[in-house]
$ cat my_file_31.csv   # CSV, C-alpha atoms
chain,number,residue,atom,x,y,z
P,1,GLN,CA,46.2,29.6,-12.3
P,2,ARG,CA,46.0,27.5,-15.5
P,3,PHE,CA,43.1,25.6,-14.2
P,4,LYS,CA,41.2,28.7,-13.3
P,5,ALA,CA,41.9,30.2,-16.7
P,6,TRP,CA,40.8,27.0,-18.4
P,7,SER,CA,37.6,26.8,-16.3
P,8,LYS,CA,36.7,30.5,-17.0
P,9,ALA,CA,37.3,30.0,-20.7
P,10,THR,CA,35.2,26.8,-20.7
P,11,TYR,CA,32.4,28.6,-18.8
P,12,ARG,CA,32.4,31.5,-21.3
P,13,ARG,CA,32.2,29.1,-24.2
P,14,HIS,CA,29.4,26.9,-22.7
P,15,HIS,CA,27.6,29.1,-20.2
P,16,THR,CA,24.5,29.2,-22.5
P,17,SER,CA,24.4,25.4,-22.7
P,18,LEU,CA,24.9,25.1,-18.9
P,19,LEU,CA,22.2,27.6,-18.2
P,20,MET,CA,19.8,25.8,-20.6
P,21,GLY,CA,20.6,22.5,-18.9
P,22,VAL,CA,19.9,23.9,-15.4
P,23,LEU,CA,16.7,25.4,-16.6
P,24,LEU,CA,15.7,22.1,-18.3
P,25,PHE,CA,16.5,20.1,-15.2
P,26,THR,CA,14.5,22.5,-13.0
P,27,PHE,CA,11.5,22.4,-15.3
P,28,VAL,CA,11.6,18.5,-15.5
P,29,PHE,CA,11.9,18.3,-11.7
P,30,ILE,CA,8.9,20.6,-11.1
P,31,PHE,CA,6.9,18.8,-13.8
P,32,LEU,CA,7.6,15.4,-12.2
P,33,SER,CA,7.3,16.5,-8.6
P,34,ARG,CA,3.7,15.4,-8.4
P,35,GLN,CA,4.7,11.9,-9.4
P,36,MET,CA,7.8,11.9,-7.1
P,37,PHE,CA,6.5,13.3,-3.9
P,38,ILE,CA,3.5,11.4,-2.5
P,39,THR,CA,1.6,12.6,0.5
P,40,VAL,CA,-0.3,9.9,2.5
P,41,PRO,CA,-3.0,11.7,4.6
P,42,ALA,CA,-4.0,10.8,8.2
P,43,GLY,CA,-5.7,7.5,8.5
P,44,HIS,CA,-4.6,6.3,5.1
P,45,GLY,CA,-2.1,3.8,3.7
P,46,GLY,CA,-0.3,3.8,0.3
P,47,VAL,CA,0.3,0.8,-1.9
P,48,MET,CA,3.4,0.9,-4.0
P,49,TRP,CA,3.4,-0.4,-7.6
P,50,TRP,CA,6.9,-0.9,-9.1
P,51,ARG,CA,6.9,-0.6,-12.9
P,52,PHE,CA,10.3,-2.3,-13.5
P,53,TRP,CA,10.6,-4.6,-10.5
P,54,GLU,CA,8.1,-6.7,-8.5
P,55,GLY,CA,4.8,-5.0,-9.4
P,56,THR,CA,2.5,-4.5,-6.4
P,57,ALA,CA,4.2,-4.5,-3.0
P,58,THR,CA,2.1,-6.8,-0.8
P,59,SER,CA,4.4,-7.2,2.2
P,60,TRP,CA,4.5,-3.5,3.2
P,61,HIS,CA,2.8,-0.2,2.6
P,62,TYR,CA,3.5,3.5,3.0
P,63,GLY,CA,2.3,5.1,6.2
P,64,GLU,CA,1.2,8.7,6.8
P,65,GLY,CA,3.5,11.5,5.6
P,66,THR,CA,5.4,12.5,2.5
P,67,HIS,CA,7.4,10.0,0.5
P,68,LEU,CA,9.8,10.3,-2.5
P,69,ILE,CA,9.3,7.7,-5.2
P,70,PRO,CA,10.6,7.2,-8.8
P,71,PRO,CA,8.4,9.1,-11.2
P,72,TRP,CA,7.6,6.0,-13.3
P,73,ASP,CA,6.2,4.1,-10.3
P,74,GLU,CA,2.7,4.7,-8.7
P,75,VAL,CA,1.2,4.8,-5.2
P,76,THR,CA,-2.5,4.2,-4.6
P,77,LEU,CA,-4.1,5.5,-1.4
P,78,TYR,CA,-6.5,3.5,0.7
P,79,ASP,CA,-8.7,4.8,3.6
P,80,LEU,CA,-7.9,2.8,6.7
P,81,ARG,CA,-10.4,4.5,9.0
P,82,LEU,CA,-13.8,3.3,10.1
P,83,GLN,CA,-16.2,3.7,7.1
P,84,SER,CA,-20.0,3.6,7.1
P,85,VAL,CA,-21.8,2.9,3.8
P,86,PRO,CA,-25.7,2.8,3.4
P,87,PHE,CA,-27.3,1.0,0.5
P,88,ASP,CA,-30.6,-0.8,-0.3
P,89,VAL,CA,-31.1,-4.5,-1.2
P,90,SER,CA,-34.1,-6.0,-3.0
P,91,ALA,CA,-34.8,-9.6,-1.9
P,92,LEU,CA,-37.3,-12.3,-2.4
P,93,VAL,CA,-39.0,-13.9,0.7
P,94,SER,CA,-40.4,-17.4,1.0
P,95,ASP,CA,-43.9,-16.0,0.1
P,96,GLY,CA,-42.7,-15.0,-3.3
P,97,LEU,CA,-42.9,-11.3,-2.4
P,98,VAL,CA,-40.1,-8.7,-3.2
P,99,ILE,CA,-39.0,-6.6,-0.2
P,100,THR,CA,-36.5,-3.9,0.3
P,101,VAL,CA,-33.9,-4.0,3.1
P,102,GLU,CA,-32.1,-0.8,4.0
P,103,VAL,CA,-28.6,-1.6,5.3
P,104,THR,CA,-25.7,0.3,6.7
P,105,VAL,CA,-22.3,-1.5,6.7
P,106,GLN,CA,-19.5,-0.3,9.0
P,107,PHE,CA,-16.1,-1.7,8.2
P,108,ARG,CA,-12.3,-1.0,8.1
P,109,VAL,CA,-9.7,-2.0,5.5
P,110,GLU,CA,-7.1,-4.3,7.1
P,111,PRO,CA,-3.8,-2.4,6.9
P,112,ASP,CA,-1.6,-5.5,6.5
P,113,SER,CA,-3.8,-6.7,3.5
P,114,ILE,CA,-4.1,-3.5,1.4
P,115,GLY,CA,-1.5,-4.7,-1.0
P,116,PHE,CA,-3.5,-7.9,-1.6
P,117,LEU,CA,-6.7,-5.9,-1.8
P,118,HIS,CA,-5.1,-3.6,-4.4
P,119,GLN,CA,-3.7,-6.5,-6.4
P,120,TYR,CA,-6.8,-8.8,-6.4
P,121,VAL,CA,-9.8,-6.4,-6.0
P,122,GLY,CA,-8.7,-2.8,-6.6
P,123,PRO,CA,-9.7,0.6,-5.2
P,124,ASP,CA,-13.4,0.0,-6.1
P,125,TYR,CA,-13.6,-2.8,-3.5
P,126,LEU,CA,-16.9,-1.3,-2.1
P,127,ASN,CA,-18.9,-2.0,-5.3
P,128,SER,CA,-17.0,-5.1,-6.3
P,129,LEU,CA,-16.6,-6.9,-3.0
P,130,ILE,CA,-18.5,-5.5,0.1
P,131,ILE,CA,-21.9,-4.6,-1.4
P,132,PRO,CA,-22.2,-7.8,-3.5
P,133,GLN,CA,-21.2,-10.0,-0.5
P,134,ILE,CA,-23.5,-8.4,2.0
P,135,SER,CA,-26.4,-8.3,-0.5
P,136,SER,CA,-25.9,-12.0,-1.3
P,137,GLN,CA,-26.0,-12.9,2.4
P,138,ILE,CA,-29.2,-10.8,2.9
P,139,ARG,CA,-30.9,-12.6,0.0
P,140,ASN,CA,-29.8,-16.0,1.2
P,141,ASN,CA,-31.1,-15.4,4.7
P,142,VAL,CA,-34.4,-13.7,3.6
P,143,ALA,CA,-35.3,-16.4,1.1
P,144,SER,CA,-36.3,-18.9,3.8
P,145,VAL,CA,-38.3,-16.4,5.9
P,146,SER,CA,-41.9,-15.4,5.4
P,147,ALA,CA,-43.0,-11.8,5.0
P,148,GLU,CA,-45.0,-12.0,8.3
P,149,ALA,CA,-42.1,-13.4,10.3
P,150,LEU,CA,-39.8,-10.8,8.8
P,151,TYR,CA,-42.2,-8.0,9.6
P,152,SER,CA,-42.7,-9.1,13.2
P,153,GLN,CA,-39.1,-10.1,14.1
P,154,GLY,CA,-37.4,-7.9,11.5
P,155,ARG,CA,-33.8,-6.8,12.1
P,156,GLY,CA,-33.0,-9.3,14.9
P,157,LEU,CA,-33.8,-12.1,12.5
P,158,LEU,CA,-31.3,-11.0,9.9
P,159,GLN,CA,-28.5,-9.0,11.5
P,160,GLU,CA,-26.5,-11.6,13.4
P,161,ALA,CA,-26.7,-14.3,10.6
P,162,ILE,CA,-25.6,-11.7,8.0
P,163,GLU,CA,-22.7,-10.4,10.0
P,164,LYS,CA,-21.4,-13.9,10.7
P,165,ALA,CA,-21.7,-15.1,7.1
P,166,ALA,CA,-20.4,-11.9,5.5
P,167,ASP,CA,-17.4,-11.7,7.9
P,168,GLN,CA,-16.2,-15.1,6.6
P,169,SER,CA,-16.5,-14.1,3.0
P,170,LEU,CA,-14.7,-10.8,2.9
P,171,GLY,CA,-11.3,-12.3,2.3
P,172,LEU,CA,-9.0,-14.0,-0.2
P,173,VAL,CA,-8.8,-17.7,-1.0
P,174,ASP,CA,-5.1,-18.5,-1.7
P,175,ASP,CA,-5.2,-22.0,-3.3
P,176,GLY,CA,-8.8,-22.9,-3.3
P,177,HIS,CA,-8.5,-24.7,0.1
P,178,GLU,CA,-7.4,-22.4,2.8
P,179,LEU,CA,-8.7,-18.9,3.7
P,180,GLY,CA,-5.9,-16.4,3.2
P,181,PRO,CA,-5.6,-12.8,4.6
P,182,SER,CA,-8.8,-11.0,5.2
P,183,PHE,CA,-9.2,-7.8,3.2
P,184,ILE,CA,-12.0,-6.2,5.3
P,185,GLN,CA,-12.6,-6.1,9.0
P,186,LEU,CA,-16.4,-6.0,9.3
P,187,GLU,CA,-17.5,-4.0,12.3
P,188,GLN,CA,-21.3,-4.1,12.1
P,189,VAL,CA,-24.2,-4.7,9.6
P,190,LEU,CA,-27.1,-2.5,10.6
P,191,ILE,CA,-30.6,-3.3,9.3
P,192,ARG,CA,-32.1,0.1,9.3
P,193,ARG,CA,-35.5,-0.8,7.8
P,194,VAL,CA,-37.3,-3.7,6.2
P,195,ASP,CA,-39.8,-2.3,3.7
P,196,LEU,CA,-42.7,-4.6,2.7
P,197,PRO,CA,-45.3,-3.8,0.0
P,198,ASN,CA,-48.1,-1.6,1.3
P,199,ASP,CA,-50.9,-4.2,0.8
P,200,VAL,CA,-48.8,-6.9,2.5
P,201,ARG,CA,-48.1,-4.6,5.5
P,202,MET,CA,-51.8,-3.8,5.8
P,203,ALA,CA,-52.8,-7.4,5.6
P,204,ILE,CA,-50.3,-8.4,8.3
P,205,GLY,CA,-51.5,-5.5,10.4
P,206,ILE,CA,-55.1,-6.6,10.1
P,207,GLY,CA,-54.1,-10.2,10.8
P,208,GLU,CA,-52.3,-9.1,14.0
P,209,ILE,CA,-55.4,-7.1,15.1
P,210,GLN,CA,-57.7,-10.0,14.5
P,211,HIS,CA,-55.3,-12.4,16.4
P,212,GLN,CA,-55.2,-10.0,19.3
P,213,ALA,CA,-59.0,-9.6,19.3
P,214,SER,CA,-59.4,-13.4,19.2
P,215,THR,CA,-57.0,-13.9,22.1
P,216,LEU,CA,-58.8,-11.2,24.1
P,217,ALA,CA,-62.2,-12.8,23.3
P,218,GLU,CA,-60.9,-16.2,24.4
P,219,SER,CA,-59.5,-14.8,27.7
P,220,GLN,CA,-62.8,-12.9,28.4
P,221,GLY,CA,-64.8,-16.0,27.6
P,222,SER,CA,-62.7,-18.2,29.9
P,223,ALA,CA,-63.2,-15.6,32.6
P,224,PHE,CA,-67.0,-15.6,32.0
P,225,ILE,CA,-67.2,-19.4,32.2
P,226,ARG,CA,-65.1,-19.4,35.4
P,227,SER,CA,-67.4,-16.7,37.0
P,228,GLY,CA,-70.4,-18.7,35.9
P,229,SER,CA,-69.1,-21.8,37.5
P,230,CYS,CA,-68.5,-19.9,40.8
P,231,PHE,CA,-72.0,-18.6,40.7
P,232,ASP,CA,-73.5,-22.1,40.3
P,233,ASN,CA,-71.4,-23.3,43.2
P,234,LEU,CA,-72.7,-20.6,45.4
P,235,LYS,CA,-76.3,-21.4,44.4
P,236,LYS,CA,-75.8,-25.0,45.3
P,237,ARG,CA,-74.5,-24.0,48.7
$ encode --input "my_file_31.csv" --output "structure tokens"
Amino acid sequence: QRFKAWSKATYRRHHTSLLMGVLLFTFVFIFLSRQMFITVPAGHGGVMWWRFWEGTATSWHYGEGTHLIPPWDEVTLYDLRLQSVPFDVSALVSDGLVITVEVTVQFRVEPDSIGFLHQYVGPDYLNSLIIPQISSQIRNNVASVSAEALYSQGRGLLQEAIEKAADQSLGLVDDGHELGPSFIQLEQVLIRRVDLPNDVRMAIGIGEIQHQASTLAESQGSAFIRSGSCFDNLKKR
């Protein structure tokens, strides 16, 4: 009875303060709910960054679903599905001509390495890692090839070499000696088109026509000589 009376009297004296406290807590909770409740969509992973503890979490990541985190920490989302990105690369061939190679890169982000990817490269890994690496491999491989060889053999000359070299470079070097975890799983590098200058393309086309005409003339000449020899043999008989 005394306790009930005391509690009622206390509530009457402080009910305004209690109501304001509840309202303030509700407002703060609603305001911070965007920072506290993190939804990881399908096919994505979330990298945790602890403000007051270890920084970027590299040994684990959040999977799909909704997760509750402290409002002062952050989660960065990464797409783990197959991605396809087209871009163009300007390169110099051995003839000293500038060509344009149209490329499409298909890749996946390694789920176990997204913590390292976030820590060492960041969310803009496409422009800071993938495109520069693939572009560099294309330029290195094209530099030793003539425009005519590139025009005639084209994609098959580049694709395999670029995939092999780029796949080895899309990773992390731990101590300068050993290759650490790979950031990117390279699925395929597609050479969609090799664009030569118009005058070069026309010159190569004319050269091919002349070569074919010369080959045809030589074969016809050989056939004529062989037929002439047969005719002489018949006359002798």
$ residues_around --input "my_file_31.csv" --residues "Gly96 in chain P" --least-positions-apart "3" --cutoff "10 Å" --atoms "all atoms listed in the file" --output "JSON, numbers by chain"
{"P": [91, 92, 93, 99, 143, 146, 147]}
$ closest_residue --input "my_file_31.csv" --among "P:Asn141, P:Phe183, P:Thr100, P:Val109" --to "Leu196 in chain P" --atoms "only C-alpha atoms"
P:Thr100
$ residues_around --input "my_file_31.csv" --residues "Leu68 in chain P" --least-positions-apart "5" --cutoff "7 Å" --atoms "all atoms listed in the file" --output "ChimeraX atom specification"
/P:36-38
$ closest_residue --input "my_file_31.csv" --among "P:Ile162, P:Ser59, P:Leu150, P:Gly43" --to "Ile138 in chain P" --atoms "only C-alpha atoms"
P:Ile162
$ atom_distance --input "my_file_31.csv" --atom1 "CA of Ile184 in chain P" --atom2 "CA of Glu64 in chain P"
20.0 Å
$ closest_residue --input "my_file_31.csv" --among "P:Tyr120, P:Ala42, P:Leu82, P:Gly115" --to "Leu186 in chain P" --atoms "all atoms listed in the file"
P:Leu82
$ atom_distance --input "my_file_31.csv" --atom1 "CA of Val105 in chain P" --atom2 "CA of Val47 in chain P"
24.3 Å
$ closest_residue --input "my_file_31.csv" --among "P:Ala57, P:Leu97, P:Met48, P:Ile131" --to "Leu77 in chain P" --atoms "all atoms listed in the file"
P:Met48
$ closest_residue --input "my_file_31.csv" --among "P:Glu148, P:Glu160, P:Asp195, P:Glu110" --to "Asp79 in chain P" --atoms "all atoms listed in the file"
P:Glu110
$ atom_distance --input "my_file_31.csv" --atom1 "CA of Thr58 in chain P" --atom2 "CA of Phe116 in chain P"
5.8 Å
